[in-house]
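S.K.: So here's coords00.txt (compact mmCIF, C-alpha atoms).
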```txt
# COMPACT_ATOMS: atom_id res chain seq x y z
CA MET A 97 -20.62 24.24 44.26
CA SER A 98 -20.57 27.58 45.96
CA ALA A 99 -17.95 30.16 45.12
CA GLU A 100 -16.23 29.56 48.47
CA ARG A 101 -15.79 25.86 47.68
CA PRO A 102 -14.64 25.34 44.09
CA ALA A 103 -15.41 21.92 42.65
CA ARG A 104 -12.64 19.37 42.96
CA ALA A 105 -11.80 17.38 39.87
CA LEU A 106 -12.97 13.78 39.94
CA PRO A 107 -10.25 11.19 40.55
CA ALA A 108 -8.20 10.41 37.46
CA THR A 109 -8.25 6.64 37.96
CA ALA A 110 -11.19 4.22 37.84
CA ARG A 111 -10.20 2.91 41.27
CA GLY A 112 -10.19 6.41 42.69
CA ARG A 113 -13.60 7.14 41.20
CA ARG A 114 -14.98 3.93 42.69
CA THR A 115 -13.61 4.79 46.13
CA ARG A 116 -15.01 8.29 46.02
CA ALA A 117 -18.38 6.98 44.80
CA ALA A 118 -18.47 4.43 47.64
CA ILE A 119 -17.97 7.21 50.18
CA VAL A 120 -20.65 9.42 48.62
CA ASP A 121 -23.10 6.53 48.26
CA ALA A 122 -22.67 5.52 51.90
CA ALA A 123 -23.01 9.12 53.09
CA ALA A 124 -26.09 9.69 50.93
CA ASP A 125 -27.82 6.59 52.31
CA MET A 126 -27.03 7.47 55.90
CA MET A 127 -27.97 11.13 55.57
CA TYR A 128 -31.26 10.13 53.94
CA GLU A 129 -32.07 7.75 56.80
CA ARG A 130 -30.63 9.72 59.75
CA GLY A 131 -30.16 13.28 58.57
CA VAL A 132 -26.95 15.20 58.02
CA ALA A 133 -26.38 16.22 61.64
CA ALA A 134 -26.71 12.65 62.92
CA THR A 135 -24.27 11.22 60.36
CA SER A 136 -20.62 11.36 61.40
CA LEU A 137 -17.61 10.91 59.16
CA ASP A 138 -16.67 7.85 61.20
CA ASP A 139 -20.09 6.36 60.39
CA VAL A 140 -19.46 6.95 56.71
CA LEU A 141 -15.99 5.42 56.87
CA VAL A 142 -17.36 2.22 58.41
CA ALA A 143 -20.28 1.99 55.99
CA SER A 144 -18.12 2.62 52.93
CA GLY A 145 -15.23 0.42 54.03
CA THR A 146 -12.73 3.22 53.49
CA GLY A 147 -10.09 4.89 55.64
CA LYS A 148 -9.55 8.44 56.83
CA SER A 149 -6.71 9.02 54.41
CA GLN A 150 -9.02 8.15 51.52
CA MET A 151 -11.82 10.31 52.91
CA TYR A 152 -9.60 13.37 53.23
CA HIS A 153 -7.99 12.75 49.87
CA TYR A 154 -11.35 13.34 48.19
CA PHE A 155 -13.10 15.67 50.65
CA ALA A 156 -11.68 18.55 52.66
CA ASP A 157 -14.19 18.12 55.49
CA LYS A 158 -17.75 17.06 56.24
CA ALA A 159 -19.18 20.13 54.51
CA ASP A 160 -17.37 19.15 51.33
CA LEU A 161 -18.88 15.66 51.55
CA VAL A 162 -22.37 17.05 52.19
CA ILE A 163 -22.11 19.14 49.03
CA ALA A 164 -21.15 16.01 47.09
CA VAL A 165 -24.17 14.23 48.60
CA ILE A 166 -26.51 17.05 47.54
CA GLU A 167 -25.22 16.78 43.99
CA HIS A 168 -25.46 12.97 44.11
CA GLN A 169 -29.08 13.12 45.27
CA ARG A 170 -29.85 15.70 42.57
CA ASP A 171 -28.54 13.35 39.93
CA SER A 172 -30.42 10.39 41.44
CA VAL A 173 -33.69 12.32 41.34
CA LEU A 174 -33.17 13.39 37.74
CA ASN A 175 -32.10 9.93 36.61
CA ALA A 176 -35.27 8.48 38.14
CA GLN A 177 -37.40 10.79 35.97
CA PRO A 178 -36.55 10.03 32.31
CA GLU A 179 -39.89 11.55 31.34
CA LEU A 180 -38.30 14.97 31.93
CA ALA A 181 -36.73 14.59 28.49
CA ARG A 182 -40.21 14.67 26.93
CA VAL A 183 -42.04 17.52 28.62
CA GLY A 184 -42.51 19.77 25.59
CA SER A 185 -46.30 19.46 25.67
CA VAL A 186 -49.13 19.24 28.20
CA GLU A 187 -49.32 15.54 27.37
CA GLY A 188 -45.61 15.14 28.10
CA ILE A 189 -45.90 17.00 31.40
CA THR A 190 -48.90 14.85 32.31
CA ALA A 191 -46.90 11.70 31.54
CA TRP A 192 -44.08 12.95 33.78
CA ALA A 193 -46.50 13.66 36.64
CA ASP A 194 -48.22 10.29 36.22
CA ALA A 195 -44.86 8.50 36.32
CA VAL A 196 -43.94 10.29 39.56
CA VAL A 197 -47.23 9.21 41.14
CA ARG A 198 -46.68 5.61 40.00
CA GLN A 199 -43.24 5.58 41.62
CA HIS A 200 -44.75 6.64 44.92
CA THR A 201 -47.62 4.19 44.69
CA ALA A 202 -45.17 1.28 44.95
CA LYS A 203 -44.93 -0.75 48.16
CA GLY A 204 -43.47 1.43 50.91
CA GLY A 205 -44.55 4.69 49.28
CA PRO A 206 -45.12 7.57 49.29
CA PHE A 207 -41.40 8.04 49.75
CA ALA A 208 -39.46 11.00 51.07
CA CYS A 209 -37.58 12.97 48.42
CA PRO A 210 -33.84 12.67 49.10
CA LEU A 211 -33.26 16.19 47.81
CA GLY A 212 -36.26 17.60 49.66
CA SER A 213 -35.11 15.98 52.90
CA LEU A 214 -31.72 17.64 52.58
CA ALA A 215 -33.36 20.96 51.78
CA ALA A 216 -35.54 20.79 54.89
CA GLU A 217 -32.53 20.18 57.12
CA LEU A 218 -30.10 22.58 55.46
CA LYS A 219 -32.38 25.46 54.46
CA ASN A 220 -30.96 27.82 57.09
CA ASP A 221 -27.31 26.97 56.50
CA ALA A 222 -25.57 29.55 54.34
CA THR A 223 -22.93 27.02 53.28
CA PHE A 224 -25.41 24.62 51.74
CA ARG A 225 -28.45 26.69 50.81
CA PRO A 226 -26.99 27.93 47.48
CA VAL A 227 -26.05 24.35 46.52
CA VAL A 228 -29.52 23.04 47.36
CA ASP A 229 -31.09 25.93 45.46
CA ALA A 230 -28.92 25.19 42.42
CA ALA A 231 -29.97 21.52 42.60
CA PHE A 232 -33.64 22.45 42.49
CA ARG A 233 -33.02 24.88 39.64
CA ARG A 234 -31.38 22.00 37.73
CA TRP A 235 -34.50 19.90 38.39
CA GLU A 236 -36.77 22.66 37.15
CA GLN A 237 -34.72 23.38 34.03
CA PRO A 238 -36.03 20.55 31.81
CA LEU A 239 -39.59 21.58 32.64
CA ALA A 240 -38.82 25.23 31.92
CA ASP A 241 -37.18 24.24 28.63
CA GLY A 242 -40.20 22.18 27.63
CA LEU A 243 -42.58 24.99 28.49
CA THR A 244 -40.42 27.46 26.58
CA ALA A 245 -40.55 25.15 23.55
CA MET A 246 -44.36 25.09 23.84
CA GLN A 247 -44.42 28.88 23.97
CA THR A 248 -42.12 29.15 20.95
CA ARG A 249 -44.44 26.87 18.97
CA GLY A 250 -47.43 28.97 19.97
CA ASP A 251 -48.86 26.26 22.25
CA LEU A 252 -48.49 28.27 25.46
CA ALA A 253 -49.79 31.77 26.16
CA VAL A 254 -47.22 34.50 25.54
CA ASN A 255 -47.80 35.95 29.02
CA ALA A 256 -46.99 32.64 30.74
CA ASP A 257 -43.66 32.43 32.57
CA PRO A 258 -42.03 29.03 31.88
CA SER A 259 -39.60 29.33 34.79
CA ARG A 260 -42.34 30.09 37.30
CA LEU A 261 -44.52 27.30 35.94
CA ALA A 262 -41.62 24.87 36.20
CA ALA A 263 -41.03 25.93 39.82
CA MET A 264 -44.75 25.46 40.50
CA LEU A 265 -44.67 21.90 39.15
CA VAL A 266 -41.68 20.93 41.29
CA ALA A 267 -43.20 22.68 44.32
CA ALA A 268 -46.42 20.71 43.83
CA LEU A 269 -44.39 17.51 43.70
CA GLN A 270 -42.46 18.40 46.85
CA GLY A 271 -45.51 19.48 48.82
CA GLY A 272 -47.55 16.50 47.69
CA MET A 273 -44.73 14.11 48.53
CA LEU A 274 -44.36 15.55 52.02
CA LEU A 275 -48.08 15.45 52.79
CA GLY A 276 -48.42 12.02 51.24
CA ARG A 277 -45.53 10.71 53.32
CA ILE A 278 -47.11 12.05 56.51
CA ALA A 279 -50.54 10.64 55.64
CA GLY A 280 -49.23 7.38 54.22
CA ASP A 281 -51.37 8.02 51.15
CA VAL A 282 -50.33 9.00 47.64
CA ALA A 283 -53.54 11.06 47.14
CA PRO A 284 -52.05 14.45 48.18
CA LEU A 285 -49.21 13.98 45.69
CA ARG A 286 -51.61 13.01 42.93
CA ASP A 287 -53.99 15.89 43.70
CA LEU A 288 -51.33 18.59 43.84
CA LEU A 289 -49.63 17.43 40.65
CA ASP A 290 -53.01 17.21 38.88
CA ALA A 291 -53.77 20.79 39.96
CA ALA A 292 -50.38 22.05 38.76
CA VAL A 293 -50.67 20.31 35.38
CA SER A 294 -54.22 21.66 35.03
CA ARG A 295 -52.86 25.15 35.53
CA VAL A 296 -50.41 24.63 32.68
CA ALA A 297 -53.25 23.32 30.50
CA GLU A 298 -55.28 26.45 31.28
CA LEU A 299 -52.45 28.54 29.85
CA ARG A 300 -52.52 26.90 26.45
CA ALA A 301 -52.60 29.51 23.72
CA LYS A 302 -56.14 30.20 22.52
```
Would you write the structure of this file as structure tokens?

M.R.:
Amino acid sequence: MSAERPARALPATARGRRTRAAIVDAAADMMYERGVAATSLDDVLVASGTGKSQMYHYFADKADLVIAVIEHQRDSVLNAQPELARVGSVEGITAWADAVVRQHTAKGGPFACPLGSLAAELKNDATFRPVVDAAFRRWEQPLADGLTAMQTRGDLAVNADPSRLAAMLVAALQGGMLLGRIAGDVAPLRDLLDAAVSRVAELRAK
């Protein structure tokens, strides 16, 4: 969380954690479907089956809940990409990209990215922009770590920048997902990820 809003400790009891999770889950679903601005706290209370006293026990205000939703969506995105644990080679990065494309080839895809959707809506809000930025940096970190491992082994050119390459890969995913969603076709996502992975392959140490 931002410096102005220190993280609250999670509830000490299992019941409390379930209640808090129900609120965050309901808010995340509604904000994904409607957007943050169109989701009221009353809507979340009804959807989660909780009361105002419970809401304000866990969250100071709507902004506090939105930050929890950003972090929830970050974790959901990362949990849906187990291949990120095996991106220490071009082959591993390719497998990650292929898995992303397969997810978005399923019925109903290409899908909107829950984290990207929040970023698009909140990008000009100083309260949330640092939290969204930190969420994307967390997403990029496994890729940067894998690329750094490649460089340490001598498999990636010494002048390559693992952090920038990781950001490029996630940017290709985000841009491809957006264009694919608009077109109703997974091809833009596939093409942009293929181009980004090809760029990494070009930087293999000679």

S.K.: Check the smallest atom-to-atom distance from each of A:Ala124, A:Ala164, A:Leu214, A:Ala256 to A:Leu106 using all atoms listed in the file, then report the winner.

M.R.: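 Ranking A:Ala124, A:Ala164, A:Leu214, A:Ala256 by distance to A:Leu106, first place goes to A:Ala164.
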
S.K.: Please list as a PDB file with C-alpha atoms, keeping the file's coordinate frame every residue within 8 Å of stretch 117-122 of chain A, counting all atoms listed in the file and excluding residues in the same chain fewer than 6 positions away.

M.R.:
```
ATOM      1  CA  VAL A 140     -19.460   6.950  56.710  1.00  0.00           C
ATOM      2  CA  LEU A 141     -15.990   5.420  56.870  1.00  0.00           C
ATOM      3  CA  ALA A 143     -20.280   1.990  55.990  1.00  0.00           C
ATOM      4  CA  SER A 144     -18.120   2.620  52.930  1.00  0.00           C
ATOM      5  CA  THR A 146     -12.730   3.220  53.490  1.00  0.00           C
ATOM      6  CA  MET A 151     -11.820  10.310  52.910  1.00  0.00           C
ATOM      7  CA  LEU A 161     -18.880  15.660  51.550  1.00  0.00           C
ATOM      8  CA  ALA A 164     -21.150  16.010  47.090  1.00  0.00           C
ATOM      9  CA  VAL A 165     -24.170  14.230  48.600  1.00  0.00           C
ATOM     10  CA  HIS A 168     -25.460  12.970  44.110  1.00  0.00           C
TER      11      HIS A 168
END
```

S.K.: Neighbours of A:Leu274 within 12 Å (all atoms listed in the file; same-chain residues fewer than 2 positions away dropped), as a PyMOL selection string?

M.R.: chain A and resi 200+205-213+216+267-272+276-286+288

S.K.: Kindly indicate which residue among A:Gln169, A:Lys203, A:Arg249, A:Val197 lies nearest to A:Leu289, using all atoms listed in the file for the distances.

M.R.: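 With all atoms listed in the file as the atom set, the closest residue is A:Val197.
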
S.K.: Atom CA of A:Ser172 and atom CA of A:Gln199 are how many Å apart?

M.R.: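 These two atoms are separated by 13.7 Å.
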
S.K.: For a cutoff of 12 Å around the file-coordinate point (-45.4, 10.9, 36.2), which residues qualify once you count all atoms listed in the file? I'd like the result as a PyMOL selection string.

M.R.: chain A and resi 176-180+182-183+187-201+265-266+269+285-286+289-290+293

S.K.: Separation of atom CA of A:Ala159 and atom CA of A:Gln237, in Å?

M.R.: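 Distance reported for this atom pair: 25.9 Å.
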
S.K.: Find, counting all atoms listed in the file, the residue in A:Asp160, A:Asp139, A:Glu236, A:Asp229 that gets nearest to A:Arg260.

M.R.: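 Result for the nearest residue to A:Arg260: A:Glu236.
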
S.K.: Atom CA of A:Arg170 and atom CA of A:Val296, how far apart in Å?

M.R.: 24.5 Å

S.K.: Measuring between only C-alpha atoms, which one of A:Leu275, A:Val227, A:Ala181, A:Ala301 shows the shortest distance to A:Gly242?

M.R.: A:Ala181

S.K.: Which polymer residues have any atom within 10 Å of an atom of A:Gln150, counting all atoms listed in the file, with same-chain residues fewer than 3 positions away left out, as a CSV table (one decimal) with C-alpha atoms, in the frame of the given file?

M.R.:
```csv
chain,number,residue,atom,x,y,z
A,112,GLY,CA,-10.2,6.4,42.7
A,115,THR,CA,-13.6,4.8,46.1
A,116,ARG,CA,-15.0,8.3,46.0
A,119,ILE,CA,-18.0,7.2,50.2
A,141,LEU,CA,-16.0,5.4,56.9
A,146,THR,CA,-12.7,3.2,53.5
A,147,GLY,CA,-10.1,4.9,55.6
A,153,HIS,CA,-8.0,12.8,49.9
A,154,TYR,CA,-11.4,13.3,48.2
A,155,PHE,CA,-13.1,15.7,50.6
```
